[in-house]
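Dropping final-v3.txt in here (compact mmCIF, C-alpha atoms):
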```txt
# COMPACT_ATOMS: atom_id res chain seq x y z
CA GLY A 1 0.00 0.00 0.00
CA ASP A 2 0.87 3.66 -0.10
CA SER A 3 3.36 4.91 2.47
CA VAL A 4 5.38 7.95 3.56
CA THR A 5 8.89 7.93 4.98
CA GLN A 6 10.41 10.96 6.60
CA MET A 7 13.68 11.57 8.36
CA GLU A 8 13.86 10.81 12.02
CA GLY A 9 14.36 13.59 14.47
CA PRO A 10 14.90 15.43 16.49
CA VAL A 11 16.50 18.01 14.27
CA THR A 12 18.23 20.70 16.30
CA LEU A 13 19.25 23.95 14.61
CA SER A 14 20.36 27.40 15.61
CA GLU A 15 18.20 30.36 14.70
CA GLU A 16 18.66 31.51 11.07
CA ALA A 17 20.04 28.13 9.98
CA PHE A 18 18.84 26.40 6.81
CA LEU A 19 16.32 23.61 7.28
CA THR A 20 15.69 20.49 5.22
CA ILE A 21 13.39 17.70 6.32
CA ASN A 22 13.38 14.80 3.88
CA CYS A 23 10.20 13.05 2.83
CA THR A 24 9.77 10.27 0.29
CA TYR A 25 6.62 8.42 -0.64
CA THR A 26 5.38 5.24 -2.26
CA ALA A 27 2.10 5.43 -4.14
CA THR A 28 0.42 3.63 -7.00
CA GLY A 29 -1.21 6.72 -8.45
CA TYR A 30 -0.52 10.46 -8.37
CA PRO A 31 -1.36 11.55 -4.87
CA SER A 32 -1.57 15.04 -3.49
CA LEU A 33 1.21 15.73 -0.99
CA PHE A 34 1.07 17.74 2.22
CA TRP A 35 3.16 19.06 5.06
CA TYR A 36 1.32 19.49 8.35
CA VAL A 37 2.82 21.13 11.45
CA GLN A 38 1.97 20.49 15.09
CA TYR A 39 3.00 23.17 17.57
CA PRO A 40 3.32 22.16 21.23
CA GLY A 41 -0.03 21.38 22.82
CA GLU A 42 -1.99 21.83 19.59
CA GLY A 43 -3.52 19.75 16.83
CA LEU A 44 -2.11 19.56 13.32
CA GLN A 45 -2.48 22.39 10.85
CA LEU A 46 -1.76 22.46 7.15
CA LEU A 47 1.55 24.11 6.32
CA LEU A 48 1.60 23.62 2.54
CA LYS A 49 0.54 21.24 -0.19
CA ALA A 50 1.16 20.29 -3.83
CA THR A 51 -1.26 18.47 -6.07
CA LYS A 52 0.80 17.46 -9.12
CA ALA A 53 4.34 16.84 -10.26
CA ASP A 54 6.67 19.86 -10.21
CA ASP A 55 4.20 21.91 -8.14
CA LYS A 56 5.84 23.92 -5.40
CA GLY A 57 3.91 24.53 -2.21
CA SER A 58 4.95 27.44 -0.02
CA ASN A 59 3.83 29.14 3.18
CA LYS A 60 5.47 31.13 6.01
CA GLY A 61 8.88 30.86 4.32
CA PHE A 62 8.65 27.06 3.99
CA GLU A 63 8.74 25.41 0.56
CA ALA A 64 8.43 21.90 -0.84
CA THR A 65 8.46 20.69 -4.46
CA TYR A 66 6.59 17.61 -5.68
CA ARG A 67 9.27 15.50 -7.40
CA LYS A 68 7.69 12.57 -9.18
CA GLU A 69 10.98 11.22 -10.54
CA THR A 70 12.44 10.84 -7.05
CA THR A 71 9.06 10.38 -5.27
CA SER A 72 10.05 13.09 -2.82
CA PHE A 73 8.55 16.17 -1.17
CA HIS A 74 11.32 17.62 0.97
CA LEU A 75 10.52 20.56 3.25
CA GLU A 76 12.93 23.52 3.24
CA LYS A 77 13.25 26.89 4.91
CA GLY A 78 16.08 29.31 4.38
CA SER A 79 16.23 30.77 7.88
CA VAL A 80 14.47 29.13 10.80
CA GLN A 81 13.16 30.92 13.86
CA VAL A 82 12.65 29.75 17.43
CA SER A 83 8.91 29.89 16.74
CA ASP A 84 9.31 27.17 14.07
CA SER A 85 10.00 24.60 16.80
CA ALA A 86 7.31 21.98 16.25
CA VAL A 87 6.69 18.50 14.87
CA TYR A 88 6.39 18.32 11.07
CA PHE A 89 4.43 15.59 9.30
CA CYS A 90 4.61 14.70 5.63
CA ALA A 91 1.45 13.10 4.25
CA LEU A 92 -0.14 11.92 1.04
CA SER A 93 -3.78 11.70 0.07
CA ASP A 94 -4.91 8.19 -0.81
CA LYS A 95 -8.25 7.12 -2.22
CA GLY A 96 -9.31 4.12 -0.24
CA GLY A 97 -12.89 3.02 0.17
CA ARG A 98 -15.44 5.80 0.00
CA SER A 99 -13.18 8.75 0.66
CA TYR A 100 -9.72 10.20 0.37
CA LYS A 101 -7.63 9.56 3.45
CA LEU A 102 -4.31 10.92 4.61
CA ILE A 103 -1.34 8.63 5.12
CA PHE A 104 1.23 10.22 7.41
CA GLY A 105 4.91 9.83 7.96
CA SER A 106 6.17 9.32 11.49
CA GLY A 107 6.86 13.02 12.09
CA THR A 108 10.07 14.98 12.58
CA ARG A 109 10.57 17.13 15.65
CA LEU A 110 12.39 20.40 15.01
CA LEU A 111 14.02 22.32 17.83
CA VAL A 112 15.38 25.76 17.05
CA ARG A 113 17.72 27.29 19.60
CA PRO A 114 18.24 31.06 19.98
CA ASP B 1 -12.31 29.91 10.60
CA VAL B 2 -12.99 26.21 10.75
CA LYS B 3 -13.18 25.00 14.27
CA VAL B 4 -12.86 21.40 15.42
CA THR B 5 -13.29 20.91 19.13
CA GLN B 6 -12.75 17.84 21.28
CA SER B 7 -14.52 17.29 24.56
CA SER B 8 -11.44 16.84 26.75
CA ARG B 9 -7.75 17.71 26.51
CA TYR B 10 -6.74 15.14 29.12
CA LEU B 11 -8.54 12.03 30.28
CA VAL B 12 -7.58 9.31 32.74
CA LYS B 13 -9.58 6.08 32.76
CA ARG B 14 -9.27 2.66 34.31
CA THR B 15 -8.83 -0.61 32.43
CA GLY B 16 -12.18 -2.03 31.39
CA GLU B 17 -14.06 1.27 31.47
CA LYS B 18 -16.15 2.40 28.52
CA VAL B 19 -14.72 5.65 27.18
CA PHE B 20 -16.36 8.24 24.94
CA LEU B 21 -14.35 10.83 23.04
CA GLU B 22 -16.42 13.54 21.42
CA CYS B 23 -15.59 15.72 18.44
CA VAL B 24 -17.59 18.62 17.03
CA GLN B 25 -16.95 20.67 13.89
CA ASP B 26 -18.73 23.87 12.95
CA MET B 27 -18.23 24.04 9.18
CA ASP B 28 -20.81 21.55 7.91
CA HIS B 29 -18.11 19.15 6.68
CA GLU B 30 -19.25 15.81 5.31
CA ASN B 31 -16.15 13.88 6.33
CA MET B 32 -14.81 13.31 9.82
CA PHE B 33 -11.87 11.24 11.02
CA TRP B 34 -10.41 9.79 14.19
CA TYR B 35 -6.65 9.19 14.48
CA ARG B 36 -4.35 8.09 17.21
CA GLN B 37 -0.89 9.60 17.46
CA ASP B 38 2.00 7.67 18.98
CA PRO B 39 5.69 8.62 19.06
CA GLY B 40 7.58 7.24 16.10
CA LEU B 41 4.39 6.03 14.40
CA GLY B 42 2.87 9.29 13.24
CA LEU B 43 -0.89 9.41 12.92
CA ARG B 44 -2.85 6.26 12.22
CA LEU B 45 -6.46 6.29 11.08
CA ILE B 46 -8.93 4.49 13.34
CA TYR B 47 -12.27 5.23 11.66
CA PHE B 48 -13.76 7.80 9.38
CA SER B 49 -17.27 8.86 8.45
CA TYR B 50 -18.36 10.29 5.11
CA ASP B 51 -21.95 11.07 6.08
CA VAL B 52 -24.36 10.86 8.98
CA LYS B 53 -24.62 7.25 10.20
CA MET B 54 -22.01 6.17 7.60
CA LYS B 55 -18.57 4.96 8.63
CA GLU B 56 -15.60 3.01 7.40
CA LYS B 57 -12.80 1.29 9.20
CA GLY B 58 -9.36 2.79 9.02
CA ASP B 59 -6.07 1.04 9.57
CA ILE B 60 -6.42 0.21 13.27
CA PRO B 61 -10.13 -0.15 14.16
CA GLU B 62 -9.76 -3.04 16.62
CA GLY B 63 -11.01 -2.15 20.09
CA TYR B 64 -12.82 0.98 18.87
CA SER B 65 -16.23 1.90 17.54
CA VAL B 66 -17.70 5.19 16.33
CA SER B 67 -21.00 6.97 16.15
CA ARG B 68 -22.21 9.77 13.91
CA GLU B 69 -25.82 10.67 14.61
CA LYS B 70 -25.49 14.32 13.58
CA LYS B 71 -23.38 15.85 10.85
CA GLU B 72 -21.34 18.02 13.20
CA ARG B 73 -20.54 15.38 15.81
CA PHE B 74 -18.36 12.27 15.59
CA SER B 75 -17.77 10.11 18.65
CA LEU B 76 -15.05 7.56 19.27
CA ILE B 77 -15.91 4.80 21.72
CA LEU B 78 -13.53 2.49 23.52
CA GLU B 79 -15.82 -0.35 24.57
CA SER B 80 -13.43 -1.68 27.22
CA ALA B 81 -10.35 0.47 27.63
CA SER B 82 -6.98 -1.22 27.81
CA THR B 83 -3.55 0.12 28.69
CA ASN B 84 -2.38 -0.20 25.07
CA GLN B 85 -4.99 2.39 24.13
CA THR B 86 -3.10 5.04 26.09
CA SER B 87 -2.39 7.58 23.38
CA MET B 88 -3.16 10.99 21.90
CA TYR B 89 -6.41 10.97 19.93
CA LEU B 90 -6.98 13.51 17.18
CA CYS B 91 -10.20 14.28 15.38
CA ALA B 92 -10.31 15.92 11.95
CA SER B 93 -12.88 17.05 9.43
CA ARG B 94 -12.85 17.78 5.72
CA SER B 95 -15.21 19.24 3.20
CA GLY B 96 -15.93 17.34 -0.01
CA ASP B 97 -13.97 14.48 -1.49
CA ARG B 98 -10.98 15.72 -3.46
CA ALA B 99 -7.44 14.53 -2.98
CA ALA B 100 -6.21 18.08 -2.40
CA HIS B 101 -8.77 19.05 0.20
CA GLU B 102 -7.34 19.98 3.57
CA GLN B 103 -8.20 18.20 6.79
CA TYR B 104 -8.79 20.40 9.84
CA PHE B 105 -7.70 19.00 13.17
CA GLY B 106 -8.87 19.40 16.73
CA PRO B 107 -6.40 19.99 19.59
CA GLY B 108 -6.35 16.34 20.63
CA THR B 109 -7.28 14.33 23.71
CA ARG B 110 -4.48 12.72 25.65
CA LEU B 111 -5.96 9.53 27.10
CA THR B 112 -4.24 7.56 29.83
CA VAL B 113 -5.60 4.13 30.73
CA THR B 114 -4.36 2.79 34.06
```
Kindly return the structure encoded in the file as structure tokens.
Amino acid sequence: GDSVTQMEGPVTLSEEAFLTINCTYTATGYPSLFWYVQYPGEGLQLLLKATKADDKGSNKGFEATYRKETTSFHLEKGSVQVSDSAVYFCALSDKGGRSYKLIFGSGTRLLVRP
Amino acid sequence: DVKVTQSSRYLVKRTGEKVFLECVQDMDHENMFWYRQDPGLGLRLIYFSYDVKMKEKGDIPEGYSVSREKKERFSLILESASTNQTSMYLCASRSGDRAAHEQYFGPGTRLTVT
């Protein structure tokens, strides 16, 4: 079945450092791809998404490009802030049964130090 | 703004108790989901509902049941709680049935079964 693999954390960076969180997927079709973020004590919220190959999703300085040839959707940010400390989940949308469902990676915790 | 609320942030129950987790969304979404979140495993789908009184099993339905009597409310039921059901439970909702549609998450209920 479809699956998502993302790099294990925690990832610890200093403020203003460059961030990459790797995400690769396995899917039979052409899924939509998502990055969700979970700040401490909160539920998940959508960070960005891409719906077809070569699409770039972007939000709050974060970017990710849908790469069909490498089945990847890596998350990047040029300069992280302390407020970016959170858990980041890569996910794909899979049609199973009566509705589209999300399949999540295991999550990557990011800690940004001042 | 879409709002998904869950009845409790923290819950402590004893083994064998019947446990109800409630979720309410205020945006008239057709689809609602229950996940459990465990460290290193990401989010795993327990059940989802695509309409009132309609449900489908997710990836880990064993030991759980659900109820959707009204469109805005989706309940997760642990018939006889066990210690391996200690986890964070997240509810989500989504409008329509497109791969790219966003899921909106509640803040989660951290359940401890002793």
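Take CA of Leu46 in chain A and CA of Met54 in chain B: the distance between them is 26.0 Å.
Among the candidates B:Thr109, B:Thr15, B:Thr114, B:Ser65, the residue lying nearest to chain A is B:Thr109 (atoms considered: only C-alpha atoms).
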Query raised in the report: Within 9 Å of chain A, which residues of chain B show up when using all atoms listed in the file, listed as a VMD selection string?
Result: chain B and resid 31 33 38 to 45 48 to 50 56 58 90 to 91 97 to 108
Query raised in the report: What does the distance between CA of Ile77 in chain B and CA of Gly16 in chain B come to in Å, to one decimal place?
Result: 12.4 Å
Query raised in the report: Distance CA of Ile60 in chain B-CA of Tyr66 in chain A, one decimal place?
Result: 28.8 Å
Requested in this report: Find the spatial neighbours of Ala64 in chain A, counting all atoms listed in the file, within a cut-off of 7 Å - ignore same-chain residues fewer than 6 positions away - and output them as a list in words.
Outcome: Lys56, Gly57, Ser58, Phe73, His74, Leu75 and Glu76 of chain A
Requested in this report: For Tyr64 in chain B, work out the shell of residues within 8 Å, counting all atoms listed in the file and skipping chain neighbours fewer than 4 positions away, then give it as JSON, numbers by chain.
Outcome: {"B": [46, 76, 77, 78, 79]}
**Report entry** Residue contacts of Lys13 in chain B (8 Å, only C-alpha atoms) excluding same-chain residues fewer than 2 positions away, as a PyMOL selection string
**Finding:** chain B and resi 11+15+17+19+81+111-114
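Proximity ranking of A:Glu69, A:Asp55, A:Glu16, A:Glu63 relative to Val82 in chain A places A:Glu16 first, based on only C-alpha atoms.
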Query - Best match for closeness to Ser3 in chain A among A:Ala17, A:Leu47, A:Val112, A:Cys23, counting all atoms listed in the file - result: A:Cys23
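Neighbours of Arg110 in chain B closer than or equal to 10 Å, with all atoms listed in the file counted and sequence neighbours fewer than 4 positions away skipped, come out as B:Ser8, B:Arg9, B:Tyr10, B:Leu11, B:Val12, B:Arg36, B:Gln37, B:Thr86, B:Ser87, B:Met88, B:Tyr89, B:Leu90.
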Please write N, CA and C atoms of range 86-105 of chain A, from the structure given just now, as a compact mmCIF listing (two decimals), in the first residue's frame.
```txt
# COMPACT_ATOMS: atom_id res chain seq x y z
N ALA A 86 8.58 22.70 16.37
CA ALA A 86 7.31 21.98 16.25
C ALA A 86 7.62 20.58 15.71
N VAL A 87 6.56 19.79 15.55
CA VAL A 87 6.69 18.50 14.87
C VAL A 87 6.08 18.65 13.47
N TYR A 88 6.80 18.18 12.46
CA TYR A 88 6.39 18.32 11.07
C TYR A 88 6.06 16.94 10.51
N PHE A 89 4.89 16.85 9.88
CA PHE A 89 4.43 15.59 9.30
C PHE A 89 4.26 15.73 7.80
N CYS A 90 4.85 14.81 7.07
CA CYS A 90 4.61 14.70 5.63
C CYS A 90 3.46 13.72 5.43
N ALA A 91 2.61 13.96 4.45
CA ALA A 91 1.45 13.10 4.25
C ALA A 91 1.07 13.07 2.78
N LEU A 92 0.42 11.99 2.38
CA LEU A 92 -0.14 11.92 1.04
C LEU A 92 -1.63 11.56 1.14
N SER A 93 -2.34 11.94 0.10
CA SER A 93 -3.78 11.70 0.07
C SER A 93 -4.05 10.47 -0.78
N ASP A 94 -4.71 9.49 -0.19
CA ASP A 94 -4.91 8.19 -0.81
C ASP A 94 -6.40 7.89 -0.91
N LYS A 95 -6.84 7.48 -2.07
CA LYS A 95 -8.25 7.12 -2.22
C LYS A 95 -8.41 5.67 -1.82
N GLY A 96 -9.07 5.47 -0.69
CA GLY A 96 -9.31 4.12 -0.24
C GLY A 96 -10.73 4.03 0.24
N GLY A 97 -11.50 3.09 -0.24
CA GLY A 97 -12.89 3.02 0.17
C GLY A 97 -13.69 4.17 -0.40
N ARG A 98 -14.50 4.79 0.45
CA ARG A 98 -15.44 5.80 0.00
C ARG A 98 -14.87 7.20 -0.02
N SER A 99 -13.64 7.38 0.49
CA SER A 99 -13.18 8.75 0.66
C SER A 99 -11.66 8.81 0.61
N TYR A 100 -11.15 10.00 0.28
CA TYR A 100 -9.72 10.20 0.37
C TYR A 100 -9.29 10.24 1.83
N LYS A 101 -8.17 9.58 2.11
CA LYS A 101 -7.63 9.56 3.45
C LYS A 101 -6.18 10.02 3.39
N LEU A 102 -5.71 10.52 4.52
CA LEU A 102 -4.31 10.92 4.61
C LEU A 102 -3.48 9.79 5.19
N ILE A 103 -2.33 9.56 4.57
CA ILE A 103 -1.34 8.63 5.12
C ILE A 103 -0.15 9.47 5.55
N PHE A 104 0.21 9.37 6.82
CA PHE A 104 1.23 10.22 7.41
C PHE A 104 2.56 9.51 7.57
N GLY A 105 3.62 10.30 7.49
CA GLY A 105 4.91 9.83 7.96
C GLY A 105 4.96 9.88 9.47
```
